[in-house]
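Peer 1: Next comes the structure file final22.cif, holding mmCIF, N, CA and C atoms.
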```
data_data
loop_
_atom_site.label_atom_id
_atom_site.label_comp_id
_atom_site.auth_asym_id
_atom_site.auth_seq_id
_atom_site.Cartn_x
_atom_site.Cartn_y
_atom_site.Cartn_z
N MET R 1487 130.00 39.11 59.81
CA MET R 1487 129.73 38.87 58.40
C MET R 1487 130.80 37.93 57.84
N ASP R 1488 130.35 36.92 57.15
CA ASP R 1488 131.25 35.93 56.57
C ASP R 1488 131.77 36.45 55.22
N LYS R 1489 133.08 36.45 55.07
CA LYS R 1489 133.70 36.93 53.84
C LYS R 1489 133.88 35.76 52.90
N GLY R 1490 133.45 35.94 51.66
CA GLY R 1490 133.55 34.87 50.68
C GLY R 1490 134.93 34.79 50.05
N PRO R 1491 135.13 33.80 49.20
CA PRO R 1491 136.44 33.63 48.56
C PRO R 1491 136.82 34.80 47.65
N GLU R 1492 135.82 35.48 47.09
CA GLU R 1492 136.12 36.63 46.22
C GLU R 1492 136.82 37.74 46.99
N TYR R 1493 136.45 37.91 48.26
CA TYR R 1493 137.07 38.93 49.08
C TYR R 1493 138.57 38.66 49.24
N PHE R 1494 138.92 37.42 49.53
CA PHE R 1494 140.32 37.06 49.75
C PHE R 1494 141.12 37.10 48.45
N GLN R 1495 140.47 36.76 47.34
CA GLN R 1495 141.14 36.83 46.05
C GLN R 1495 141.45 38.28 45.68
N LYS R 1496 140.49 39.17 45.88
CA LYS R 1496 140.72 40.59 45.59
C LYS R 1496 141.76 41.18 46.53
N ASP R 1497 141.74 40.75 47.78
CA ASP R 1497 142.71 41.23 48.76
C ASP R 1497 144.13 40.84 48.34
N ALA R 1498 144.33 39.60 47.93
CA ALA R 1498 145.64 39.14 47.48
C ALA R 1498 146.03 39.85 46.18
N ARG R 1499 145.06 40.08 45.30
CA ARG R 1499 145.35 40.79 44.05
C ARG R 1499 145.85 42.21 44.34
N ASN R 1500 145.17 42.90 45.23
CA ASN R 1500 145.57 44.27 45.56
C ASN R 1500 146.95 44.29 46.21
N MET R 1501 147.25 43.31 47.04
CA MET R 1501 148.57 43.25 47.66
C MET R 1501 149.66 43.03 46.62
N MET R 1502 149.38 42.19 45.62
CA MET R 1502 150.38 41.96 44.57
C MET R 1502 150.56 43.20 43.70
N TRP R 1503 149.52 43.98 43.50
CA TRP R 1503 149.68 45.23 42.76
C TRP R 1503 150.52 46.20 43.56
N GLY R 1504 150.41 46.16 44.88
CA GLY R 1504 151.30 46.96 45.73
C GLY R 1504 152.74 46.53 45.58
N VAL R 1505 152.97 45.23 45.51
CA VAL R 1505 154.32 44.70 45.30
C VAL R 1505 154.85 45.17 43.94
N ALA R 1506 154.00 45.18 42.93
CA ALA R 1506 154.41 45.65 41.60
C ALA R 1506 154.80 47.12 41.66
N PHE R 1507 154.04 47.91 42.39
CA PHE R 1507 154.36 49.33 42.53
C PHE R 1507 155.70 49.51 43.23
N VAL R 1508 155.93 48.76 44.29
CA VAL R 1508 157.20 48.85 45.02
C VAL R 1508 158.36 48.39 44.13
N GLY R 1509 158.12 47.40 43.29
CA GLY R 1509 159.14 46.95 42.37
C GLY R 1509 159.45 47.97 41.29
N PHE R 1510 158.48 48.84 40.99
CA PHE R 1510 158.67 49.85 39.95
C PHE R 1510 159.27 51.14 40.47
N ILE R 1511 159.21 51.39 41.78
CA ILE R 1511 159.73 52.63 42.36
C ILE R 1511 161.21 52.85 42.00
N PRO R 1512 162.10 51.85 42.16
CA PRO R 1512 163.51 52.09 41.79
C PRO R 1512 163.69 52.46 40.32
N THR R 1513 162.88 51.90 39.44
CA THR R 1513 162.97 52.23 38.03
C THR R 1513 162.61 53.69 37.81
N PHE R 1514 161.54 54.12 38.43
CA PHE R 1514 161.10 55.51 38.29
C PHE R 1514 162.17 56.47 38.82
N VAL R 1515 162.72 56.19 39.98
CA VAL R 1515 163.74 57.06 40.58
C VAL R 1515 164.98 57.11 39.69
N LEU R 1516 165.40 55.96 39.19
CA LEU R 1516 166.58 55.91 38.34
C LEU R 1516 166.36 56.68 37.03
N LEU R 1517 165.18 56.54 36.44
CA LEU R 1517 164.90 57.27 35.20
C LEU R 1517 164.89 58.77 35.43
N VAL R 1518 164.31 59.21 36.54
CA VAL R 1518 164.30 60.64 36.84
C VAL R 1518 165.72 61.16 37.04
N MET R 1519 166.54 60.38 37.74
CA MET R 1519 167.93 60.80 37.96
C MET R 1519 168.72 60.84 36.66
N MET R 1520 168.43 59.91 35.75
CA MET R 1520 169.16 59.86 34.49
C MET R 1520 168.75 61.00 33.56
N ILE R 1521 167.49 61.38 33.62
CA ILE R 1521 167.01 62.44 32.74
C ILE R 1521 167.47 63.81 33.23
N SER R 1522 167.51 63.98 34.56
CA SER R 1522 167.94 65.26 35.10
C SER R 1522 169.44 65.45 34.87
N ASP R 1523 169.86 66.67 34.74
CA ASP R 1523 171.27 66.97 34.49
C ASP R 1523 172.08 66.85 35.79
N GLY R 1524 173.31 66.44 35.66
CA GLY R 1524 174.22 66.41 36.79
C GLY R 1524 174.05 65.23 37.72
N SER R 1525 173.34 64.20 37.30
CA SER R 1525 173.14 63.06 38.19
C SER R 1525 174.36 62.14 38.20
N GLY R 1526 175.13 62.13 37.14
CA GLY R 1526 176.32 61.30 37.08
C GLY R 1526 176.03 59.85 36.72
N ILE R 1527 174.79 59.51 36.43
CA ILE R 1527 174.44 58.14 36.07
C ILE R 1527 174.50 58.02 34.55
N LYS R 1528 175.21 57.00 34.07
CA LYS R 1528 175.38 56.81 32.64
C LYS R 1528 174.43 55.71 32.15
N TRP R 1529 174.17 55.75 30.88
CA TRP R 1529 173.38 54.71 30.23
C TRP R 1529 174.34 53.57 29.88
N ASP R 1530 174.50 52.63 30.78
CA ASP R 1530 175.40 51.50 30.53
C ASP R 1530 174.68 50.19 30.80
N VAL R 1531 175.43 49.10 30.74
CA VAL R 1531 174.86 47.77 30.88
C VAL R 1531 174.25 47.58 32.27
N VAL R 1532 174.91 48.06 33.30
CA VAL R 1532 174.40 47.90 34.66
C VAL R 1532 173.07 48.64 34.83
N THR R 1533 172.99 49.84 34.28
CA THR R 1533 171.76 50.62 34.37
C THR R 1533 170.62 49.91 33.66
N PHE R 1534 170.87 49.42 32.45
CA PHE R 1534 169.82 48.72 31.72
C PHE R 1534 169.45 47.41 32.41
N SER R 1535 170.41 46.74 33.03
CA SER R 1535 170.10 45.51 33.77
C SER R 1535 169.19 45.81 34.95
N PHE R 1536 169.48 46.90 35.66
CA PHE R 1536 168.65 47.28 36.80
C PHE R 1536 167.24 47.67 36.35
N LEU R 1537 167.16 48.43 35.25
CA LEU R 1537 165.85 48.80 34.71
C LEU R 1537 165.08 47.56 34.28
N GLY R 1538 165.75 46.64 33.63
CA GLY R 1538 165.10 45.40 33.20
C GLY R 1538 164.62 44.58 34.37
N TYR R 1539 165.45 44.46 35.41
CA TYR R 1539 165.07 43.72 36.61
C TYR R 1539 163.81 44.32 37.24
N SER R 1540 163.78 45.64 37.37
CA SER R 1540 162.64 46.29 38.01
C SER R 1540 161.37 46.14 37.19
N LEU R 1541 161.50 46.30 35.87
CA LEU R 1541 160.33 46.19 35.01
C LEU R 1541 159.80 44.76 34.95
N VAL R 1542 160.69 43.78 34.89
CA VAL R 1542 160.25 42.38 34.87
C VAL R 1542 159.59 42.01 36.20
N LEU R 1543 160.15 42.46 37.30
CA LEU R 1543 159.55 42.19 38.61
C LEU R 1543 158.16 42.81 38.70
N ALA R 1544 158.03 44.05 38.25
CA ALA R 1544 156.72 44.71 38.29
C ALA R 1544 155.71 43.99 37.40
N ALA R 1545 156.14 43.57 36.21
CA ALA R 1545 155.23 42.87 35.29
C ALA R 1545 154.81 41.52 35.87
N LEU R 1546 155.75 40.79 36.46
CA LEU R 1546 155.41 39.50 37.08
C LEU R 1546 154.46 39.68 38.26
N ALA R 1547 154.66 40.73 39.04
CA ALA R 1547 153.78 40.97 40.18
C ALA R 1547 152.37 41.35 39.71
N VAL R 1548 152.27 42.13 38.64
CA VAL R 1548 150.95 42.45 38.10
C VAL R 1548 150.27 41.18 37.58
N PHE R 1549 151.02 40.35 36.88
CA PHE R 1549 150.48 39.08 36.38
C PHE R 1549 150.05 38.19 37.54
N ALA R 1550 150.85 38.14 38.60
CA ALA R 1550 150.49 37.36 39.79
C ALA R 1550 149.22 37.91 40.42
N GLY R 1551 149.09 39.24 40.44
CA GLY R 1551 147.88 39.85 40.98
C GLY R 1551 146.64 39.48 40.19
N ILE R 1552 146.76 39.46 38.87
CA ILE R 1552 145.64 39.08 38.03
C ILE R 1552 145.25 37.63 38.30
N LEU R 1553 146.25 36.75 38.39
CA LEU R 1553 145.96 35.34 38.67
C LEU R 1553 145.40 35.13 40.07
N CYS R 1554 145.90 35.89 41.05
CA CYS R 1554 145.35 35.80 42.41
C CYS R 1554 143.90 36.28 42.43
N GLY R 1555 143.60 37.31 41.67
CA GLY R 1555 142.24 37.80 41.59
C GLY R 1555 141.28 36.79 40.98
N GLN R 1556 141.81 35.92 40.14
CA GLN R 1556 141.01 34.85 39.55
C GLN R 1556 140.98 33.61 40.42
N GLY R 1557 141.77 33.63 41.50
CA GLY R 1557 141.80 32.49 42.42
C GLY R 1557 142.63 31.31 41.94
N LYS R 1558 143.63 31.56 41.12
CA LYS R 1558 144.47 30.49 40.58
C LYS R 1558 145.65 30.21 41.51
N ALA R 1559 145.98 28.95 41.67
CA ALA R 1559 147.11 28.56 42.52
C ALA R 1559 148.43 29.03 41.93
N THR R 1560 148.50 29.14 40.61
CA THR R 1560 149.71 29.64 39.96
C THR R 1560 150.00 31.07 40.37
N GLY R 1561 148.96 31.87 40.55
CA GLY R 1561 149.13 33.24 41.00
C GLY R 1561 149.72 33.30 42.39
N ARG R 1562 149.32 32.38 43.25
CA ARG R 1562 149.88 32.32 44.60
C ARG R 1562 151.36 32.01 44.55
N LEU R 1563 151.74 31.02 43.74
CA LEU R 1563 153.15 30.64 43.63
C LEU R 1563 153.99 31.78 43.05
N LEU R 1564 153.50 32.41 42.01
CA LEU R 1564 154.22 33.54 41.40
C LEU R 1564 154.27 34.72 42.37
N GLY R 1565 153.20 34.90 43.13
CA GLY R 1565 153.18 35.96 44.14
C GLY R 1565 154.20 35.74 45.23
N ILE R 1566 154.38 34.51 45.64
CA ILE R 1566 155.38 34.19 46.66
C ILE R 1566 156.78 34.50 46.13
N VAL R 1567 157.05 34.13 44.88
CA VAL R 1567 158.36 34.40 44.28
C VAL R 1567 158.61 35.90 44.19
N CYS R 1568 157.62 36.66 43.70
CA CYS R 1568 157.78 38.12 43.60
C CYS R 1568 157.94 38.77 44.96
N SER R 1569 157.21 38.28 45.94
CA SER R 1569 157.29 38.84 47.30
C SER R 1569 158.67 38.60 47.91
N ILE R 1570 159.24 37.43 47.66
CA ILE R 1570 160.57 37.14 48.18
C ILE R 1570 161.61 38.03 47.50
N ILE R 1571 161.47 38.24 46.20
CA ILE R 1571 162.42 39.09 45.48
C ILE R 1571 162.33 40.53 45.96
N VAL R 1572 161.11 41.03 46.17
CA VAL R 1572 160.94 42.43 46.57
C VAL R 1572 161.38 42.66 48.01
N LEU R 1573 161.59 41.61 48.78
CA LEU R 1573 162.10 41.76 50.14
C LEU R 1573 163.45 42.49 50.17
N PHE R 1574 164.22 42.38 49.10
CA PHE R 1574 165.55 42.98 49.05
C PHE R 1574 165.52 44.48 48.75
N ASN R 1575 164.36 45.02 48.40
CA ASN R 1575 164.23 46.46 48.17
C ASN R 1575 163.96 47.15 49.50
N PHE R 1576 165.00 47.26 50.31
CA PHE R 1576 164.88 47.78 51.67
C PHE R 1576 164.62 49.28 51.65
N PRO R 1577 163.80 49.84 52.48
CA PRO R 1577 162.96 49.29 53.55
C PRO R 1577 161.51 49.06 53.12
N ILE R 1578 161.06 49.78 52.09
CA ILE R 1578 159.64 49.68 51.71
C ILE R 1578 159.34 48.32 51.10
N GLY R 1579 160.25 47.82 50.28
CA GLY R 1579 160.04 46.51 49.68
C GLY R 1579 159.98 45.40 50.72
N THR R 1580 160.76 45.54 51.78
CA THR R 1580 160.73 44.55 52.85
C THR R 1580 159.36 44.53 53.52
N ILE R 1581 158.81 45.71 53.77
CA ILE R 1581 157.50 45.79 54.41
C ILE R 1581 156.43 45.19 53.51
N PHE R 1582 156.41 45.59 52.24
CA PHE R 1582 155.42 45.05 51.31
C PHE R 1582 155.62 43.56 51.07
N GLY R 1583 156.87 43.12 50.98
CA GLY R 1583 157.14 41.71 50.75
C GLY R 1583 156.64 40.84 51.89
N VAL R 1584 156.90 41.25 53.12
CA VAL R 1584 156.43 40.48 54.27
C VAL R 1584 154.90 40.48 54.33
N ALA R 1585 154.30 41.66 54.10
CA ALA R 1585 152.84 41.75 54.12
C ALA R 1585 152.21 40.87 53.03
N ALA R 1586 152.82 40.86 51.85
CA ALA R 1586 152.29 40.04 50.76
C ALA R 1586 152.45 38.55 51.07
N LEU R 1587 153.58 38.17 51.65
CA LEU R 1587 153.76 36.76 52.01
C LEU R 1587 152.74 36.32 53.05
N VAL R 1588 152.48 37.18 54.02
CA VAL R 1588 151.49 36.84 55.05
C VAL R 1588 150.10 36.74 54.41
N LYS R 1589 149.77 37.69 53.56
CA LYS R 1589 148.43 37.72 52.93
C LYS R 1589 148.22 36.52 52.02
N ILE R 1590 149.24 36.18 51.23
CA ILE R 1590 149.09 35.09 50.26
C ILE R 1590 149.06 33.73 50.95
N ASN R 1591 149.74 33.60 52.08
CA ASN R 1591 149.79 32.31 52.76
C ASN R 1591 148.72 32.14 53.82
N LYS R 1592 147.77 33.07 53.90
CA LYS R 1592 146.67 32.93 54.84
C LYS R 1592 145.81 31.73 54.46
N HIS R 1593 145.29 31.08 55.46
CA HIS R 1593 144.44 29.91 55.21
C HIS R 1593 143.19 30.29 54.41
N ASP R 1594 142.64 31.48 54.69
CA ASP R 1594 141.43 31.90 54.00
C ASP R 1594 141.67 32.05 52.51
N PHE R 1595 142.83 32.55 52.13
CA PHE R 1595 143.11 32.71 50.70
C PHE R 1595 143.43 31.37 50.07
N THR R 1596 144.23 30.55 50.72
CA THR R 1596 144.60 29.26 50.14
C THR R 1596 143.39 28.35 49.99
N SER R 1597 142.41 28.47 50.87
CA SER R 1597 141.20 27.65 50.74
C SER R 1597 140.29 28.17 49.63
N ALA R 1598 140.49 29.42 49.19
CA ALA R 1598 139.66 30.00 48.12
C ALA R 1598 140.22 29.73 46.74
N LEU R 1599 141.37 29.05 46.66
CA LEU R 1599 141.99 28.79 45.35
C LEU R 1599 141.24 27.73 44.58
N LYS R 1600 141.31 27.85 43.26
CA LYS R 1600 140.66 26.87 42.38
C LYS R 1600 141.67 25.85 41.93
#
```
Let me see the structure of the file written as C-alpha cells.
Peer 2:
Amino acid sequence: MDKGPEYFQKDARNMMWGVAFVGFIPTFVLLVMMISDGSGIKWDVVTFSFLGYSLVLAALAVFAGILCGQGKATGRLLGIVCSIIVLFNFPIGTIFGVAALVKINKHDFTSALK
C-alpha cells in the first residue's frame, strides 16, 4: 500500500508532540519536587530559568508539530532545532531527539512538504 504525504506529515507531527512531552517531563518533575515538603529546592532564578527553558521548548515542539502536520517546511526546520535541543535531556530526550531527527529528515517526509 502506497502511503500518501498526509501519512508522513501526521507521523512527523506525532513525533514532535513526543519531543514536546519529553521537553516537559523535567518541568513536571521539578514542580512536584518543589511542591512536596523536604525537597530542598528553592524558588530562585535558576529554578525559574529551568522552568522557562522546559516550557519554551515544549511550546516550540508543539508548534513545530502543528506545522509538520500541515506539511510546512518551517515546521521541519523548527522540529530539527527542537530535536537537537532535546538531545541533551539524557537518556529519554536523547532517544526521542534521535528518532525525531531521523523521522523529520526522511526523504518521504521532505518530499511531502509544501
Peer 1: Write out as a CSV table (one decimal) with N, CA and C atoms, in the coordinates of the input the residues lying within 6.5 Å of Phe1510 in chain R, counting only N, CA and C atoms and excluding same-chain residues fewer than 6 positions away.
Peer 2:
```csv
chain,number,residue,atom,x,y,z
R,1540,SER,N,163.8,45.6,37.4
R,1540,SER,CA,162.6,46.3,38.0
R,1540,SER,C,161.4,46.1,37.2
R,1541,LEU,N,161.5,46.3,35.9
R,1541,LEU,CA,160.3,46.2,35.0
R,1541,LEU,C,159.8,44.8,35.0
R,1543,LEU,N,160.2,42.5,37.3
R,1543,LEU,CA,159.6,42.2,38.6
R,1543,LEU,C,158.2,42.8,38.7
R,1544,ALA,N,158.0,44.0,38.2
R,1544,ALA,CA,156.7,44.7,38.3
R,1544,ALA,C,155.7,44.0,37.4
```
Peer 1: For Val1572 in chain R, please output as a compact mmCIF listing (two decimals) with N, CA and C atoms, keeping the file's coordinate frame all residues within 8 Å (counting all atoms listed in the file; exclusion window: fewer than 2 positions along the same chain).
Peer 2:
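Ended up saving to around.txt:
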```
# COMPACT_ATOMS: atom_id res chain seq x y z
N VAL R 1505 152.97 45.23 45.51
CA VAL R 1505 154.32 44.70 45.30
C VAL R 1505 154.85 45.17 43.94
N VAL R 1508 155.93 48.76 44.29
CA VAL R 1508 157.20 48.85 45.02
C VAL R 1508 158.36 48.39 44.13
N GLY R 1509 158.12 47.40 43.29
CA GLY R 1509 159.14 46.95 42.37
C GLY R 1509 159.45 47.97 41.29
N LEU R 1543 160.15 42.46 37.30
CA LEU R 1543 159.55 42.19 38.61
C LEU R 1543 158.16 42.81 38.70
N ILE R 1566 154.38 34.51 45.64
CA ILE R 1566 155.38 34.19 46.66
C ILE R 1566 156.78 34.50 46.13
N VAL R 1567 157.05 34.13 44.88
CA VAL R 1567 158.36 34.40 44.28
C VAL R 1567 158.61 35.90 44.19
N CYS R 1568 157.62 36.66 43.70
CA CYS R 1568 157.78 38.12 43.60
C CYS R 1568 157.94 38.77 44.96
N SER R 1569 157.21 38.28 45.94
CA SER R 1569 157.29 38.84 47.30
C SER R 1569 158.67 38.60 47.91
N ILE R 1570 159.24 37.43 47.66
CA ILE R 1570 160.57 37.14 48.18
C ILE R 1570 161.61 38.03 47.50
N PHE R 1574 164.22 42.38 49.10
CA PHE R 1574 165.55 42.98 49.05
C PHE R 1574 165.52 44.48 48.75
N ASN R 1575 164.36 45.02 48.40
CA ASN R 1575 164.23 46.46 48.17
C ASN R 1575 163.96 47.15 49.50
N PHE R 1576 165.00 47.26 50.31
CA PHE R 1576 164.88 47.78 51.67
C PHE R 1576 164.62 49.28 51.65
N ILE R 1578 161.06 49.78 52.09
CA ILE R 1578 159.64 49.68 51.71
C ILE R 1578 159.34 48.32 51.10
N GLY R 1579 160.25 47.82 50.28
CA GLY R 1579 160.04 46.51 49.68
C GLY R 1579 159.98 45.40 50.72
N THR R 1580 160.76 45.54 51.78
CA THR R 1580 160.73 44.55 52.85
C THR R 1580 159.36 44.53 53.52
N ILE R 1581 158.81 45.71 53.77
CA ILE R 1581 157.50 45.79 54.41
C ILE R 1581 156.43 45.19 53.51
N PHE R 1582 156.41 45.59 52.24
CA PHE R 1582 155.42 45.05 51.31
C PHE R 1582 155.62 43.56 51.07
N GLY R 1583 156.87 43.12 50.98
CA GLY R 1583 157.14 41.71 50.75
C GLY R 1583 156.64 40.84 51.89
N VAL R 1584 156.90 41.25 53.12
CA VAL R 1584 156.43 40.48 54.27
C VAL R 1584 154.90 40.48 54.33
```
Peer 1: Give me, please, the distance in Å between CA of Trp1503 in chain R and atom C of Gly1551 in chain R, quoted to one decimal.
Peer 2: 7.0 Å
Peer 1: Take atom N of Asp1530 in chain R and atom C of Leu1516 in chain R and report the distance between them in Å, one decimal.
Peer 2: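 Distance reported for this atom pair: 11.0 Å.
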Peer 1: Give me, as a list in words, all polymer residues having an atom no more than 6.5 Å from Ile1552 in chain R, counting all atoms listed in the file and skipping those fewer than 5 positions away in the same chain.
Peer 2: Arg1499, Ala1547, Gly1557 and Gly1561 of chain R
Peer 1: Interatomic distance between CA of Tyr1493 in chain R and atom N of Leu1553 in chain R?
Peer 2: 14.3 Å
Peer 1: Have a look at R:Cys1554, R:Ile1590, R:Ala1545, R:Leu1537 and name the one nearest to Thr1513 in chain R; count all atoms listed in the file.
Peer 2: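 Ranking R:Cys1554, R:Ile1590, R:Ala1545, R:Leu1537 by distance to Thr1513 in chain R, first place goes to R:Leu1537.
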Peer 1: Might you pull out every residue within 7 Å of Gln1495 in chain R, with only N, CA and C atoms counted and same-chain residues fewer than 4 positions away left off, and present them as a list in words?
Peer 2: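 Non-adjacent residues within range: Gly1490, Pro1491, Arg1499, Asn1500, Cys1554, Gly1555, Gln1556, Gly1557, Phe1595 and Ala1598 of chain R.
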Peer 1: Considering all atoms listed in the file, can you say which of R:Leu1517, R:Ala1559, R:Ala1585, R:Leu1573 comes closest to Met1501 in chain R?
Peer 2: R:Ala1585
